[in-house]
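Here is the structure we will look at.
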Amino acid sequence: MRLRQLRGWLARVAGFFNHENGEREFAEELECHLQMHIEDNIRAGLTPEEARRRAIIKLGGVAQTKENHRRQRGLPVIEILTQDLRYGLRMLAKRPGITLIAVLSLALGIGANTAIFSFVNTIALRPLPVASPDEIVSLRNETGGKVSMAFSYPNYKDFRDRNEVFAALIGYRFAPLSVSHDGINEKLWGYVVTGNYFEALGVGAALGRAISPDDDQHAGAHPVTVLSYKCWQQRFGADPSVIGKSILANGRSFTVIGVAPQGFYGTEFIAAPELWFPISMQGEIEMGNPWLDRRDVELTYVQGRLKTGVSVAQAQAALNSIAVQLEREFPDANEGKRVVVAPPGIMGDAMRGTMIGFAEILMIVVAFALLLACTNLANLLLARAAERRKEIAVRLSLGASRRRVVLQLMAESMLLAVGGGLIGLMLAFWLVRLVVGIKLPIDFPLQIDLHIDYRVLLFTCLVSLATGVLFGLLPALQTTKVDLISALKDERSTGGSRRSWLKNGLIVLQVTLSLVLLVGGGLMLRALERAQAINLGFDPQSVIELTFDLRLQGYDNDRGREFQKRLLDRVRTLPGVESAGVVDLTPVDLHFGRSPVFIEGQTPERIINAPRAMANRTSPGYLQAMKTRLIDGRDFSERDDENSPRVALVNEEFARRFWPGENPLGKRFSQGSPQSPLMEVVGVIEDGMYATLSIDPQPYFCRPILQAYSGSTTLVARADSDPQKLLAVIRNETQQFDPRMPITSRLLIEKMSMPLMPTRIAASILGGFGLLALALAAIGIYGVMSQAVSRRTHEIGVRMALGAQSSDVLRLTMRRGVMLTLVGVVIGLSASLALTQLMKRFLFGVSATDPVTYAVVAALLAAVAIVACYLPAWRATKIDPIRALRYE
Amino acid sequence: MSDKSDVWQGTLALMVLKTLESMGSLHGYGIARRIEQTSGERLSINYGTLYPSLLKLEQEGYISSEWGTSDNNRKAKYYKLTRAGRRQLARATRSWEQTTEILARFFAPAQES
């Protein structure tokens, strides 16, 4: 029986494709049937006309019979569907302008959502490029609520050797590299990794071999390296003979033992190293700063592969019982330290918060943009449906089922949605290409490896379909709920609030959306304005900077110092240089770190409880070059060198915080540990910005670079005329000092755009969509009001004939629009209060509830809405009662 | 016409099969007429409903069709039973007899013994 039904279906599928043939054949069969019947009837004695008439009656209507036969022959569902789609296309083509607007606004919404989703997909959803990525977790080091990503190496080893819950625990660290090979010098980033790294991740080698535990036995004894696939392709021309080759990294020779597989970029989503080294070589890679034996230096990132069947909670509990042991054994370094087990993938706290925060805002904005496009679509469909009210009523009264008509109306919205989805996808491809192409002015191998994978495609499909169904279904349902009689009589529907709830709802929604978006955009603008006013503590205009690392280039401290001094002397004599200095870090550098400081006479009980301050090292002349004001005391001089007493400059906040109400000059403190030599404060400088723009002043100090040598060097020079030209000159000059040294150079002002970038992008996106929403809302209100007025022409005419004044008419007609606007504004204000909390990070101290922004935006919206209401209402007052009464 | 009973779908298929079994090969009009005659003109078939029913039987493989020529030299489509159709007819006949027998017992005067 089942088989028979299947056979029947197959026959129908065949019939579906053989439509023409079946149609013709059945027409012949029916014709023959009729003829036979007629002949019979004639034989029975009827006249030919009567015979024919009776035969046709008996057959029951040729068209209907054919239709029944057709239905049995093919697949009616699909036939109806293709019919509906064809009809929908025709209807859409009839009004190309409106269709284009609907498709494009949908495309914009869907495209923006797809692009942002691909970003979220990259930082949160895509699995790591390792074997069984779901078993990999990242460990975080928590001390009294503060979370850091890094552990001390001895602690890592203890966790690794004592735990029972991990199949493997790996440690790694980012390392800046100065690499020379084949006569090329490059500044690259690499990882130092524990010997079990590749094995634990289940990653082999595309060529040669990966780093193994054998390469991690004795400190300094394993000069080997593994290249990333991309590095091999781009820098070594994909030459297989690279295996066994020697390259110079940070002044030391390493043998290339392997190339990592294509697509393996380590275990972070947004950063990709180019070389891997055994962590046993850490002392050589980070010359002069070995930390593998130090429990008080926390630089090792730790990830683990959970044993099968071990849950995250179990792993965390097990690790914390080890943490308690470690706390007991090494209280100085480990007091209060606990472990949090977290999903892997995003490094560094600084990055993480910003990226996620920014992604959150973008997600909400694009969701709103899509919603906006949808309200636009729904409005279009409603208007279209109103035009077709009569046609639909005719079809319903002729016996079409409501379902059938709804489906047909939906075919149209689905077409729009699919069109919007396709164009949106193209838009997303383009946006993603654009974003990937952006080179951020930061010294870090940031990789935002966006691509459109199947997850993104699925997302786009779902969004488009949901859009089409939801925003097509509502208008379709509403349209088919017509009062047949009045619709057929071509009466204007006398309204009724129930029928227009959808229209009202759309207007409220549009007002709400535009309010939220405009408030967001307004806050961002205020933030930008506020950021301009933040005191930088220096003047970035006309300042150029050159960055290089002498330590990585193999210079020891004496030679490095000599290099810096000679270079500085040379640069100062160059024409066009107003002033110059060398410094460890310049503003907005990601490496800016906080060092524990120990104020003389204020030593805390434990080292880890020491207060922290931003630390830097400067040469004489740096303050002038940056135009940083010296408030009190003196700048460093050439005499503040190794042989003279230790000195330091502090900023006002440092002085305020640690010596409140006292004169900081002559006070002493040490950096890093209480045993370090004490430094005497010789000068106080103005507060400023260091790692990033911030409203709260940060404590900051600097030491003379002559006393506290730093191999990582930035040369800063202030140009008196054309900085761009000077940049080339100085770069050239510096390269002559060491032809093999990688140098990065730029104008300081370029780098300064970084901290404001998220705010600036958000301001333009929010503002742009906000204005679009405002325009759509105004058009929506205007449309609804005009319709209402023309529907009530008769009523208004009667009222005026009975003596109503134009002010009464105005009040009457405007009431609805004003009410809707008010409802939208109230909902929008409360939604804004909730949503703008997310933006706090980017607001530079502007309150997320800034009353000025809220008031201005609400007033703007109300004004626009009232104008949109007023125009139709004003027209209503011009109605001539006599004409109005005659109408109908 | 009102005194004639309409034919419902399931039984129409059965009648078609039975008719084809007894008549061999026959065209649509002939099948319809034959059913009416067999019923002693008590059944009235809306000819329009006959054709979808024939098509369904053919799609399921119980009958087959081919174009032929009628007695008075008219081109017509002839239907005939297939082997599967014969089996299906036997099955349907059995089940029909069973049903009528059961119903008959319900309507027969009580035969208490």
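Every chain in the structure tokens has a letter given in the order shown (A, B, ...), and although residue numbers restart at 1 in each chain, ligands are simply numbered from 1 in the order shown.
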Show which residues sit within 9 Å of Ala210 (chain A), as a list in words. Count only C-alpha atoms, and ignore same-chain residues fewer than 2 positions away.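 The residues satisfying every condition are Phe198, Glu199, Val203, Gly204, Ala205, Ala206, Leu207, Gly208, Ser212, Thr225, Val226, Ile257, Gly258, Val259 and Ala260 of chain A.
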Can you spit out the residues from that selection as a PDB file, in the first residue's frame, using C-alpha atoms?
ATOM      1  CA  PHE A 198      51.804  21.016  19.896  1.00  0.00           C
ATOM      2  CA  GLU A 199      51.201  17.517  21.240  1.00  0.00           C
ATOM      3  CA  VAL A 203      48.627  19.842  15.941  1.00  0.00           C
ATOM      4  CA  GLY A 204      51.358  18.268  13.854  1.00  0.00           C
ATOM      5  CA  ALA A 205      53.620  19.865  11.291  1.00  0.00           C
ATOM      6  CA  ALA A 206      52.973  20.503   7.621  1.00  0.00           C
ATOM      7  CA  LEU A 207      56.678  20.153   7.031  1.00  0.00           C
ATOM      8  CA  GLY A 208      59.491  18.895   9.264  1.00  0.00           C
ATOM      9  CA  SER A 212      58.301  18.362  21.307  1.00  0.00           C
ATOM     10  CA  THR A 225      61.882  27.242  15.870  1.00  0.00           C
ATOM     11  CA  VAL A 226      58.679  26.320  14.029  1.00  0.00           C
ATOM     12  CA  ILE A 257      62.710  22.465  12.400  1.00  0.00           C
ATOM     13  CA  GLY A 258      59.210  22.632  10.994  1.00  0.00           C
ATOM     14  CA  VAL A 259      56.272  24.495   9.505  1.00  0.00           C
ATOM     15  CA  ALA A 260      52.922  24.444  11.300  1.00  0.00           C
TER      16      ALA A 260
END
Let's see if you can do this: from backbone DSSP, list all helix (DSSP H, G or I) residues in chain B, as a VMD selection string. chain B and resid 9 to 23 28 to 38 47 to 59 83 to 107
Item checked: Residues of chain A within 6 Å of chain B, only C-alpha atoms counted, as a ChimeraX atom specification -> /A:4,7-8,11,33,59-60,65,69,72
Residues of the last selection are to be written out with N, CA and C atoms, as a short mmCIF file (atom, residue, chain, number, x, y, z; two decimals), in the first residue's frame.
data_model
loop_
_atom_site.label_atom_id
_atom_site.label_comp_id
_atom_site.auth_asym_id
_atom_site.auth_seq_id
_atom_site.Cartn_x
_atom_site.Cartn_y
_atom_site.Cartn_z
N ARG A 4 2.45 1.74 -3.22
CA ARG A 4 1.50 2.25 -4.22
C ARG A 4 1.41 3.77 -4.12
N ARG A 7 4.38 5.33 -5.54
CA ARG A 7 4.31 5.29 -6.99
C ARG A 7 3.40 6.40 -7.50
N GLY A 8 2.29 6.58 -6.76
CA GLY A 8 1.35 7.64 -7.12
C GLY A 8 2.03 9.00 -7.08
N ALA A 11 4.38 9.50 -9.93
CA ALA A 11 3.64 9.80 -11.15
C ALA A 11 3.22 11.26 -11.17
N HIS A 33 -15.29 12.06 -24.73
CA HIS A 33 -16.37 11.69 -23.82
C HIS A 33 -17.64 12.45 -24.17
N LEU A 59 -21.55 16.32 -17.31
CA LEU A 59 -20.12 16.30 -17.10
C LEU A 59 -19.72 17.18 -15.91
N GLY A 60 -20.61 18.11 -15.58
CA GLY A 60 -20.36 18.90 -14.37
C GLY A 60 -19.40 20.04 -14.58
N THR A 65 -13.94 20.27 -14.06
CA THR A 65 -13.43 18.92 -14.23
C THR A 65 -11.95 18.94 -14.57
N HIS A 69 -8.88 17.39 -12.40
CA HIS A 69 -7.96 16.47 -13.02
C HIS A 69 -6.53 16.98 -12.90
N GLN A 72 -5.12 16.40 -9.53
CA GLN A 72 -4.71 15.02 -9.27
C GLN A 72 -3.45 14.69 -10.06
#
field: Who sits within 10 Å of Ser22 (chain B), only C-alpha atoms, same chain under 4 positions skipped, as a PyMOL selection string
entry: chain B and resi 17-18+81
Those residues with N, CA and C atoms, as a PDB file, in the first residue's frame please?
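To be explicit, this is the file written out as part-v4.pdb:
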ATOM      1  N   LEU B  17     -12.956  -0.561 -10.781  1.00  0.00           N
ATOM      2  CA  LEU B  17     -12.154  -1.775 -10.909  1.00  0.00           C
ATOM      3  C   LEU B  17     -13.035  -2.955 -11.298  1.00  0.00           C
ATOM      4  N   LYS B  18     -14.174  -3.071 -10.608  1.00  0.00           N
ATOM      5  CA  LYS B  18     -15.077  -4.202 -10.861  1.00  0.00           C
ATOM      6  C   LYS B  18     -15.585  -4.153 -12.304  1.00  0.00           C
ATOM      7  N   LEU B  81      -7.555  -3.262 -16.493  1.00  0.00           N
ATOM      8  CA  LEU B  81      -6.972  -3.651 -15.210  1.00  0.00           C
ATOM      9  C   LEU B  81      -5.536  -4.129 -15.402  1.00  0.00           C
TER      10      LEU B  81
END
Checklist entry - Excluding same-chain residues fewer than 2 positions from Gly183 (chain A), what lies within 12 Å of it counting only C-alpha atoms, as a ChimeraX atom specification? => result /A:179-181,185-186,235-236,247-248,739-742
Let's have the selection written as a PDB file, in the first residue's frame, with N, CA and C atoms.
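Listed below is the output, part_25.pdb:
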ATOM      1  N   VAL A 179      63.737  39.662  13.635  1.00  0.00           N
ATOM      2  CA  VAL A 179      64.175  38.485  12.883  1.00  0.00           C
ATOM      3  C   VAL A 179      64.952  38.920  11.638  1.00  0.00           C
ATOM      4  N   SER A 180      66.103  38.294  11.437  1.00  0.00           N
ATOM      5  CA  SER A 180      66.858  38.537  10.211  1.00  0.00           C
ATOM      6  C   SER A 180      67.024  37.222   9.475  1.00  0.00           C
ATOM      7  N   HIS A 181      66.687  37.224   8.213  1.00  0.00           N
ATOM      8  CA  HIS A 181      66.935  36.045   7.391  1.00  0.00           C
ATOM      9  C   HIS A 181      67.077  36.526   5.965  1.00  0.00           C
ATOM     10  N   ASN A 185      65.388  42.352   7.512  1.00  0.00           N
ATOM     11  CA  ASN A 185      65.137  42.509   8.950  1.00  0.00           C
ATOM     12  C   ASN A 185      63.666  42.775   9.154  1.00  0.00           C
ATOM     13  N   GLU A 186      63.070  42.040  10.072  1.00  0.00           N
ATOM     14  CA  GLU A 186      61.660  42.274  10.296  1.00  0.00           C
ATOM     15  C   GLU A 186      61.338  42.226  11.770  1.00  0.00           C
ATOM     16  N   ARG A 235      57.177  34.838   3.865  1.00  0.00           N
ATOM     17  CA  ARG A 235      58.536  35.336   4.092  1.00  0.00           C
ATOM     18  C   ARG A 235      59.596  34.389   3.553  1.00  0.00           C
ATOM     19  N   PHE A 236      59.244  33.128   3.349  1.00  0.00           N
ATOM     20  CA  PHE A 236      60.242  32.169   2.878  1.00  0.00           C
ATOM     21  C   PHE A 236      59.840  31.565   1.533  1.00  0.00           C
ATOM     22  N   ILE A 247      67.994  30.966  11.150  1.00  0.00           N
ATOM     23  CA  ILE A 247      67.558  32.357  11.076  1.00  0.00           C
ATOM     24  C   ILE A 247      68.024  33.044  12.353  1.00  0.00           C
ATOM     25  N   LEU A 248      68.116  34.354  12.278  1.00  0.00           N
ATOM     26  CA  LEU A 248      68.558  35.108  13.432  1.00  0.00           C
ATOM     27  C   LEU A 248      67.327  35.706  14.104  1.00  0.00           C
ATOM     28  N   PRO A 739      72.146  49.025   9.734  1.00  0.00           N
ATOM     29  CA  PRO A 739      71.369  48.664   8.530  1.00  0.00           C
ATOM     30  C   PRO A 739      70.501  47.433   8.729  1.00  0.00           C
ATOM     31  N   ARG A 740      70.773  46.638   9.770  1.00  0.00           N
ATOM     32  CA  ARG A 740      70.006  45.408   9.926  1.00  0.00           C
ATOM     33  C   ARG A 740      68.827  45.540  10.878  1.00  0.00           C
ATOM     34  N   MET A 741      68.601  46.726  11.380  1.00  0.00           N
ATOM     35  CA  MET A 741      67.605  46.846  12.438  1.00  0.00           C
ATOM     36  C   MET A 741      66.204  47.174  11.895  1.00  0.00           C
ATOM     37  N   PRO A 742      65.173  46.385  12.292  1.00  0.00           N
ATOM     38  CA  PRO A 742      63.805  46.729  11.884  1.00  0.00           C
ATOM     39  C   PRO A 742      63.332  47.987  12.620  1.00  0.00           C
TER      40      PRO A 742
END
Which neighbours of Leu776 (chain A) fall inside 8 Å, counting only C-alpha atoms, when residues of the same chain fewer than 3 positions from it are skipped, and could you give them as number ranges by chain? A: 376, 510, 772-773, 779-780
How about saving the chosen residues, C-alpha atoms kept, as a PDB file, in the first residue's frame?
ATOM      1  CA  ASN A 376       9.729  49.912   6.586  1.00  0.00           C
ATOM      2  CA  GLN A 510       9.905  53.665  14.605  1.00  0.00           C
ATOM      3  CA  LEU A 772      17.298  57.255   8.851  1.00  0.00           C
ATOM      4  CA  ALA A 773      14.917  56.043  11.550  1.00  0.00           C
ATOM      5  CA  ILE A 779       7.080  59.565   6.772  1.00  0.00           C
ATOM      6  CA  GLY A 780       5.113  56.910   8.654  1.00  0.00           C
TER       7      GLY A 780
END
When distances are computed from only C-alpha atoms, which of A:Thr460, A:Phe471, A:Ser152, A:Pro290 shows the smallest separation from Ile423 (chain A)?
->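 Among the listed residues, A:Thr460 lies closest to Ile423 (chain A).
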Name all residues at most 7 Å from Arg52 (chain A) (count only C-alpha atoms; drop same-chain ones fewer than 4 positions away) and give them as a PyMOL selection string. chain A and resi 38+48+56
Could I get the residues of region 86-141 of chain A with an atom no further than 10 Å from an atom of region 307-330 of chain A, each paired with its nearest atom pair and that distance in Å to one decimal, using only C-alpha atoms, sorted by chain and residue number, as a tab-separated table?
residue	atom	partner	partner_atom	distance
A:Glu135	CA	A:Lys307	CA	7.8
A:Ile136	CA	A:Lys307	CA	9.8
A:Val137	CA	A:Val312	CA	8.2
A:Leu139	CA	A:Gln316	CA	8.9
Only C-alpha atoms, please: the residues just picked out, written as a PDB file, in the first residue's frame.
ATOM      1  CA  GLU A 135      38.095  20.232  25.381  1.00  0.00           C
ATOM      2  CA  ILE A 136      40.416  23.221  25.522  1.00  0.00           C
ATOM      3  CA  VAL A 137      39.952  25.709  28.344  1.00  0.00           C
ATOM      4  CA  LEU A 139      43.014  29.377  32.961  1.00  0.00           C
TER       5      LEU A 139
END
